[in-house]
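A short worksheet on the structure shown next.
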Amino acid sequence: MGWFFRALNSSIGKKFVMAITGVCLLLFLIIHLVNNLTLFGGPELFNNVVKNLETIKPLVRVIEVILALIFVFHITNAIRLWIENKKARPVNYKINGSSKNSDIFSRTMFVSGSIIFIFLVIHLRTLWVAFNFGHPKAVTHEYFDILVEAFSSPIYTGLYLVALILLGYHLYHGFQSAFQTFGWNNKKFFPLIKKLGLIYTVIMIIGFASIPIYFFFFYGGNV
Amino acid sequence: MSGNMNLTLKIWRQKNANAVGGFETFNVKNISLDSSFLEMLDILNEELELKGVEPVAFEHDCREGICGACSLVINGRPHGPLDKITTCQLHMRHFKDGDIIWIEPWRAKAFPVIKDLIVDRTSFDKIIQAGGFVSVDTGGVPDANAILISKESIETATDAAACIGCGACVAACKNASAMLFVSAKVSQFAVLPQGQPERYLRVEAMVKRMDELGFGSCTNTYACEAECPKGISIRNIARMNRDYFMSKIKSENVEM
Amino acid sequence: MIKLDSKIPPGQIQEKWTNHKFNMKLVNPANKRKYDIIVVGTGLAGASAAASLAELGYNVTVLTYHDSPRRAHSIAAQGGVNAAKNYPNDGDSIYRLFYDTLKGGDYRSREANVYRLAEVSNNIIDQCVAQGVPFAREYGGHLDNRSFGGALVSRTFYSRSITGQQLLLGAYSALSRQVGLGKIKMFTRREMLEVVVVDGTARGVVARNLVTGEIENYSAHAVCLATGGYSRVFYLSTNAMYCNATAAWRAHKKGAVFANPCFTQIHPTCLPLHGDQQSKLTLMSESLRNDGRVWVPLKPGDKRKPKDIPERERDYILERKYPTYGNLAPRDISSRAAKEACDEGKGVGDTGQAVYLDFADSIKRLGKKVIDERYGNLFEMYELITAENPWEVPMRIYPAPHYTMGGIWVDYNLMSSIPGLFVLGEANFSDHGANRLGASALMQGLADGYFVIPYTIGDYLAGTKFGTVKNDNPEFKKEVDNINDLTKKLLSIKGKRTTDDIHRQLGRIMWNKVGMARNEKGLKDAIKEIRDLREEFWQNVNVPGSGEDLNISLEKAGRVADFLELGELMAVDGLDRNESCGGHFREEYQYEDGEAKRNDKKYAYVSAWEYKKAGDWKLIKESLNFEFLKPTVRSYK
């Protein structure tokens, strides 16, 4: 298996790991969004959906572990690449002309990724931990109220929206970049892939952003 | 067009590979708008020589955009502000009287500075030596027309083969990655029948060598394509990625 | 005294090379690794020779002054490479390619050499295709051909307008493969400064490490020089900035006789000078003359814009002088016509050193679309450099030196008058006579490297008894001392002129007096002026820096010092040759219509010059015998 690990550790192999984990996360986001949109069905629908998930808890846990592993791979690989890539240019240019030859989305993947990571930790802390580990409202299956509570905070809601914008940057580049890494770039289809990436990103961002905005303005923190 | 201008140049100077470098400021006067950028540097160098000062060392040769020797980062951009040309094809009419121009060498661990603006690009040669060829000895080859190649394949191969090995891709990439250079050579042979017998061995060997030499990895910013004087497409990188995966699946070589 | 033997094999022209190959001695495969060969230069000839010799099993050491072998100036050739494949079924044959090349060279080359060149031309194409060189193809997948000057058949293989690059990268890849396999030791940024001759044979070279300044010794059993031509003696030329004659010239001074130095080719369609700050000239494809009309204002000093000059006040010089060929007159004639017009003060542009190449009529006649398809990229290139739109204003063009047919004298085996020193490609004099046809330089470089030297060097090695010569031999020490003295001398002058300044002055002398049209008085003046300038160089040049590191001023100064000697020899040779042939046009020897007047009775010989001391040469004549093709007047009317 030496060849296998050597391949994964090659520059192209590491990119492959980034791309494949990235694609998994893109798919996860779709499921996550569909799940979230049930919030618009009102407290009863949402609470029931979550309650039903409770009945298949072991399966959910397994998926969560896999998801966590994907995140870990994606993030550790990114850090490794970032450090190695910094080393590849020990002396920087005095004048940075990169804005003339590349777009901001591609150049800021590590920054946008880092901020998304910080957000992810807060996000898990406020919602996932609350849902799973003994929030009084979770015990009574009033999950909807937990969200109302969370988005009543202008700081949290603001952070959520800022993180979403950066997520948009990250997804927009990541989507087509994954295809490029897999080698699926040709004259005919790549322009289409770029457009699909944009559509995906816009849907994700509008979809996810609609929730905090909805809660903040329509519930205003009053349960 | 005629006329002339005065400019301030901020040029990286470094005595040798081990010395600490820094920017020096020079003023040049009466530069014709029709002069090329390198001719402007020639004028500066002649003035320096007359003063008994060592001229600014920079690499250049053919001065018509094909040898790949010239290599300056001008105001932050490899080969200067225009697209799809080399530094030697850049003319002073694209600057204004009184401009301050920053001139730096290619920056990459795999391209160490030798002196002033000259860097060592032998790492590119080493990558080619690892597999950038068809293993064929002189003589003992079939008639040229015995190998049929479609027009489409030959166009794709020629697009890739047009690479001049200047290293602007590495200089432009924020990770100092050599993927565009390497993929251009891999692609040229990957689309031609002559390249098929060694197709997977070649990509594995060249990528391995590239990694050993300290180039960064590709993060798909496509700055390389934007700065390439020959417009080499990033589709070549995709093709190389594809061939690399396929080599892992198809070839039984466990040494790589 | 050196005696020259061309070693042309006997027999019918078609059998000479075949018989010779059989008669040559062979080196046992197991013994090849015991022989060391040095190749200097990595252009088409050098790279192909090094790769082929290493494949055979010899230990090869390669030196180049570039940072990479791929930078050699062969890379800049655009048009194509000739071969007698006859793929288009238009009547081509080896014999026809032989005939065209010999005639194109105005019957001043050896029949046997030219025939061999034509004979191996087909192998070159096969070899390059096998290497993956992307020659243009037809839709059916077969190779495409285009036509070129001096031939009535389509025999030129090409890859867009980057044929030279693609062929060089092919040879470079073969070379790189051998470097990877350890059969070639590659030394970049090394400038060869002396050939080391021990007991009368070439046994190594001394080179300067251009980064550290160190003078390094390389010993071998044989040395191949593939160091290109000397057009940079004119300062402004289409050659690359680093191109120089130093390796060849130092070999010449060691005893390698120099042949036909005055045979230089001036290409008519180059971009003009923009002014005094110009560093080199750029070639534009000759094909432009198919649809462009060359003209100048009728009145000298007419500074009006071209569109303001009415038809009747224009002089279409080529159409007037050569009504049959018109704008497609041969290179030397077109170049001369442009120069004459400029000398009369009719030159156009700011500098007055250009003529118009006007597409207005063709655009009107054929439409913009057709012209764009044919020349679109050339128009773009022109606009990039000159900032003038050739769709609106006529192009300005001017001739420029770009190839030197002369070079180190070699015999049929490509060996110079120093045993063990072989010379390949443009650096030798062998195949193009007094004028080279388009797409033949690439052919010759590769023929020498892939298909001639691998055979002939084996014959030399197998037939020679070698004593042990290591790089600590006293001869090496002597050369190193000489070079160090020279370096010290150059650095200590500290005069008031730059090397480039003196080089520019040399260029002007050469251009005006040893250029497209020469005469006795001019040549004599040139000799005197060059001597004076050489004197001045050694007293008044300023070379800053030290010899102990990378010093671009020192590199240039050494090269210009050699040009200052070579330039004189070119004039001396031109003065000796009292005839006009090919690129050598003596104004005294022309027909009434301006055609070159060759003198086969007196000058059907190769002028080989033996170096005595600076400014003193002895002429050795190698007579040219034409057994198979009888020389005729080269008329293109």
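Starting from 1 in every chain, residues are counted up; chains themselves are A, B, ... following the order of the structure tokens, and ligands are numbered from 1 as listed.
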
Per-residue DSSP, range 12-221 of chain A, filtered to helix (DSSP H, G or I), as a ChimeraX atom specification: /A:12-55,57-87,98-100,104-107,109-132,136-139,143-150,154-182,190-218

Listing only residues of chain C within 7 Å of chain B, what is the closest atom pair and its distance in Å (to one decimal) for each, using only C-alpha atoms, sorted by chain and residue number ascending, as CSV?
```
residue,atom,partner,partner_atom,distance
C:Ser52,CA,B:Thr138,CA,5.8
C:Glu55,CA,B:Asp137,CA,6.4
C:Ser68,CA,B:Thr122,CA,6.6
C:Arg71,CA,B:Cys67,CA,5.0
C:His73,CA,B:Cys62,CA,6.8
C:Ile75,CA,B:Cys67,CA,6.3
C:Ala76,CA,B:Ile66,CA,6.1
C:Ile125,CA,B:Ala144,CA,6.3
C:Asp126,CA,B:Ala144,CA,4.4
C:Gln127,CA,B:Val141,CA,6.3
C:Val129,CA,B:Ala144,CA,5.8
C:Ala130,CA,B:Gln194,CA,6.3
C:Gln131,CA,B:Val134,CA,5.5
C:Gly132,CA,B:Gln194,CA,5.8
C:Pro134,CA,B:Thr158,CA,5.8
C:Ala136,CA,B:Ile154,CA,7.0
C:Arg137,CA,B:Lys151,CA,5.7
C:Glu138,CA,B:Lys151,CA,6.4
C:Tyr139,CA,B:Lys151,CA,5.5
C:Gly140,CA,B:Ser150,CA,6.7
C:Gly141,CA,B:Ile149,CA,4.5
C:His142,CA,B:Asn145,CA,5.7
C:Leu143,CA,B:Asn145,CA,6.4
C:Ser173,CA,B:Phe133,CA,5.0
C:Ala174,CA,B:Phe133,CA,6.6
C:Ser176,CA,B:Gln129,CA,4.6
C:Arg177,CA,B:Gln129,CA,5.3
C:Val179,CA,B:Gln129,CA,6.4
C:Gly180,CA,B:Gln129,CA,4.8
C:Asn239,CA,B:Cys62,CA,6.9
C:Ala240,CA,B:Cys62,CA,4.0
C:Met241,CA,B:Asp61,CA,4.8
C:Tyr242,CA,B:Asp61,CA,5.8
C:His274,CA,B:Asp34,CA,6.4
C:Gln277,CA,B:Glu39,CA,6.4
C:Gln278,CA,B:Glu39,CA,6.7
C:Ser279,CA,B:Glu39,CA,6.3
C:Thr282,CA,B:Glu64,CA,6.7
C:Thr386,CA,B:Asp34,CA,6.9
C:Tyr450,CA,B:Thr138,CA,6.5
C:Lys496,CA,B:Leu50,CA,6.5
C:Arg497,CA,B:Leu50,CA,6.7
C:Thr498,CA,B:Leu50,CA,6.2
C:Asn542,CA,B:Leu50,CA,6.6
C:Val543,CA,B:Glu49,CA,6.8
C:Pro544,CA,B:Gly52,CA,5.0
C:Gly545,CA,B:Glu54,CA,5.4
C:Ile552,CA,B:Ala57,CA,6.7
```

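One finds CA of Gly407 in chain C at 12.5 Å from CA of Arg250 in chain C.
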
Using only C-alpha atoms, find each residue in chain B having at least one atom no more than 6 Å away from chain A; report its shortest atom-to-atom pair and that distance in Å (one decimal), rows by chain then rising number, as JSON lines.
```
{"residue": "B:Asn75", "atom": "CA", "partner": "A:Ile95", "partner_atom": "CA", "distance": 5.9}
{"residue": "B:Gly76", "atom": "CA", "partner": "A:Gly97", "partner_atom": "CA", "distance": 4.2}
{"residue": "B:Arg77", "atom": "CA", "partner": "A:Gly97", "partner_atom": "CA", "distance": 5.3}
{"residue": "B:Ala108", "atom": "CA", "partner": "A:Arg89", "partner_atom": "CA", "distance": 4.5}
{"residue": "B:Lys109", "atom": "CA", "partner": "A:Ala88", "partner_atom": "CA", "distance": 5.1}
{"residue": "B:Asn175", "atom": "CA", "partner": "A:Asn85", "partner_atom": "CA", "distance": 4.7}
{"residue": "B:Ala176", "atom": "CA", "partner": "A:Ala88", "partner_atom": "CA", "distance": 5.8}
{"residue": "B:Gly214", "atom": "CA", "partner": "A:Ala88", "partner_atom": "CA", "distance": 5.9}
{"residue": "B:Phe215", "atom": "CA", "partner": "A:Ala88", "partner_atom": "CA", "distance": 5.5}
{"residue": "B:Gly216", "atom": "CA", "partner": "A:Asn85", "partner_atom": "CA", "distance": 4.7}
{"residue": "B:Ser217", "atom": "CA", "partner": "A:Ser11", "partner_atom": "CA", "distance": 5.3}
{"residue": "B:Thr221", "atom": "CA", "partner": "A:Ser106", "partner_atom": "CA", "distance": 5.0}
{"residue": "B:Ala223", "atom": "CA", "partner": "A:Asn101", "partner_atom": "CA", "distance": 4.9}
{"residue": "B:Ala226", "atom": "CA", "partner": "A:Asn101", "partner_atom": "CA", "distance": 5.4}
{"residue": "B:Arg235", "atom": "CA", "partner": "A:Asn185", "partner_atom": "CA", "distance": 5.8}
{"residue": "B:Ala238", "atom": "CA", "partner": "A:Gly183", "partner_atom": "CA", "distance": 3.8}
{"residue": "B:Arg239", "atom": "CA", "partner": "A:Gly183", "partner_atom": "CA", "distance": 5.5}
{"residue": "B:Asn241", "atom": "CA", "partner": "A:Gly183", "partner_atom": "CA", "distance": 5.3}
{"residue": "B:Arg242", "atom": "CA", "partner": "A:Gly183", "partner_atom": "CA", "distance": 4.7}
{"residue": "B:Val254", "atom": "CA", "partner": "A:Trp3", "partner_atom": "CA", "distance": 5.4}
```

Test item: residues at most 9 Å from range 119-127 of chain A, only C-alpha atoms, excluding those fewer than 6 positions along its chain, as a PDB file with N, CA and C atoms, in the first residue's frame:
```pdb
ATOM      1  N   ILE A 146     -35.458  26.742  20.370  1.00  0.00           N
ATOM      2  CA  ILE A 146     -34.009  26.952  20.547  1.00  0.00           C
ATOM      3  C   ILE A 146     -33.495  27.892  19.473  1.00  0.00           C
ATOM      4  N   LEU A 147     -33.995  27.697  18.227  1.00  0.00           N
ATOM      5  CA  LEU A 147     -33.566  28.545  17.120  1.00  0.00           C
ATOM      6  C   LEU A 147     -34.033  29.971  17.317  1.00  0.00           C
ATOM      7  N   ALA A 150     -31.734  31.481  19.640  1.00  0.00           N
ATOM      8  CA  ALA A 150     -30.396  31.753  19.096  1.00  0.00           C
ATOM      9  C   ALA A 150     -30.408  32.971  18.180  1.00  0.00           C
ATOM     10  N   LEU A 159     -23.113  37.397  12.749  1.00  0.00           N
ATOM     11  CA  LEU A 159     -21.974  36.507  12.495  1.00  0.00           C
ATOM     12  C   LEU A 159     -22.367  35.425  11.495  1.00  0.00           C
ATOM     13  N   TYR A 160     -23.577  34.913  11.687  1.00  0.00           N
ATOM     14  CA  TYR A 160     -24.095  33.870  10.815  1.00  0.00           C
ATOM     15  C   TYR A 160     -24.111  34.347   9.361  1.00  0.00           C
ATOM     16  N   ALA A 163     -20.550  34.852   7.978  1.00  0.00           N
ATOM     17  CA  ALA A 163     -19.962  33.542   7.679  1.00  0.00           C
ATOM     18  C   ALA A 163     -20.539  32.983   6.385  1.00  0.00           C
TER      19      ALA A 163
END
```

Residue with smallest distance to Ile232 in chain B - pool B:Ile249, B:Ile11, B:Ala160, B:Leu41, counting only C-alpha atoms: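 Result for the nearest residue to Ile232 in chain B: B:Ala160.
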
Long-range neighbours of range 33-48 of chain A as a list of chain:residue names, 8 Å cut-off, only C-alpha atoms, 4 positions minimum in chain: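 Neighbouring residues, sequence-local ones excluded: A:Leu29, A:Asn52, A:His141, A:Glu142, A:Tyr143, A:Phe144, A:Asp145, A:Met204, A:Gly207, A:Phe208, A:Ile211.
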
Please dump the current selection as a short mmCIF file (atom, residue, chain, number, x, y, z; two decimals), in the first residue's frame; keep C-alpha atoms.
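For reference, out_8.cif as written:
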```cif
data_model
loop_
_atom_site.label_atom_id
_atom_site.label_comp_id
_atom_site.auth_asym_id
_atom_site.auth_seq_id
_atom_site.Cartn_x
_atom_site.Cartn_y
_atom_site.Cartn_z
CA LEU A 29 -24.93 21.16 2.61
CA ASN A 52 -38.25 11.46 14.16
CA HIS A 141 -38.76 18.48 21.95
CA GLU A 142 -39.31 22.21 21.46
CA TYR A 143 -36.34 22.53 19.11
CA PHE A 144 -37.94 25.35 17.19
CA ASP A 145 -37.73 27.54 20.24
CA MET A 204 -27.20 27.68 -0.79
CA GLY A 207 -31.45 29.31 1.41
CA PHE A 208 -29.31 29.39 4.52
CA ILE A 211 -33.54 31.36 8.11
#
```

All residues 7 Å or closer to range 255-264 of chain C, only C-alpha atoms, same chain fewer than 6 positions away omitted, as a list in words: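 Residues near the query, excluding close chain neighbours: Tyr403, Thr404, Met405, Gly406, Gly407, Ile408, Trp409, Ser416, Ser417, Ile418, Phe429, Ala434, Leu569, Met570, Ala571, Asp573, Gly574, Gly583, His584, Val606, Ser607, Ala608, Trp609, Glu610 and Tyr611 of chain C.
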
Could you turn the residues from that selection into a file that holds C-alpha atoms, as a PDB file, in the first residue's frame?
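Output saved as result.pdb:
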```pdb
ATOM      1  CA  TYR C 403      22.511  33.796 -40.889  1.00  0.00           C
ATOM      2  CA  THR C 404      26.150  33.180 -41.671  1.00  0.00           C
ATOM      3  CA  MET C 405      26.977  30.557 -44.261  1.00  0.00           C
ATOM      4  CA  GLY C 406      30.680  30.834 -43.486  1.00  0.00           C
ATOM      5  CA  GLY C 407      32.223  29.157 -40.482  1.00  0.00           C
ATOM      6  CA  ILE C 408      34.902  26.777 -39.339  1.00  0.00           C
ATOM      7  CA  TRP C 409      36.199  24.727 -42.264  1.00  0.00           C
ATOM      8  CA  SER C 416      38.082  20.751 -38.680  1.00  0.00           C
ATOM      9  CA  SER C 417      41.755  21.195 -39.456  1.00  0.00           C
ATOM     10  CA  ILE C 418      42.445  20.330 -35.804  1.00  0.00           C
ATOM     11  CA  PHE C 429      30.728  26.312 -43.367  1.00  0.00           C
ATOM     12  CA  ALA C 434      27.191  31.569 -50.626  1.00  0.00           C
ATOM     13  CA  LEU C 569      38.645  38.610 -41.508  1.00  0.00           C
ATOM     14  CA  MET C 570      35.208  38.998 -43.081  1.00  0.00           C
ATOM     15  CA  ALA C 571      36.406  42.123 -44.836  1.00  0.00           C
ATOM     16  CA  ASP C 573      37.773  37.548 -47.326  1.00  0.00           C
ATOM     17  CA  GLY C 574      35.328  39.848 -49.095  1.00  0.00           C
ATOM     18  CA  GLY C 583      25.039  36.909 -50.214  1.00  0.00           C
ATOM     19  CA  HIS C 584      28.421  38.304 -51.217  1.00  0.00           C
ATOM     20  CA  VAL C 606      36.393  27.648 -50.639  1.00  0.00           C
ATOM     21  CA  SER C 607      38.425  30.402 -49.006  1.00  0.00           C
ATOM     22  CA  ALA C 608      39.900  28.815 -45.918  1.00  0.00           C
ATOM     23  CA  TRP C 609      41.848  31.198 -43.718  1.00  0.00           C
ATOM     24  CA  GLU C 610      44.608  30.078 -41.443  1.00  0.00           C
ATOM     25  CA  TYR C 611      45.280  32.294 -38.464  1.00  0.00           C
TER      26      TYR C 611
END
```

Gap from CA of Thr201 in chain A to CA of Lys188 in chain A - Å, one decimal: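 Those two atoms sit 21.6 Å apart.
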
d(CA of Gln444 in chain C, CA of Gly425 in chain C) in Å: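 These two atoms are separated by 6.1 Å.
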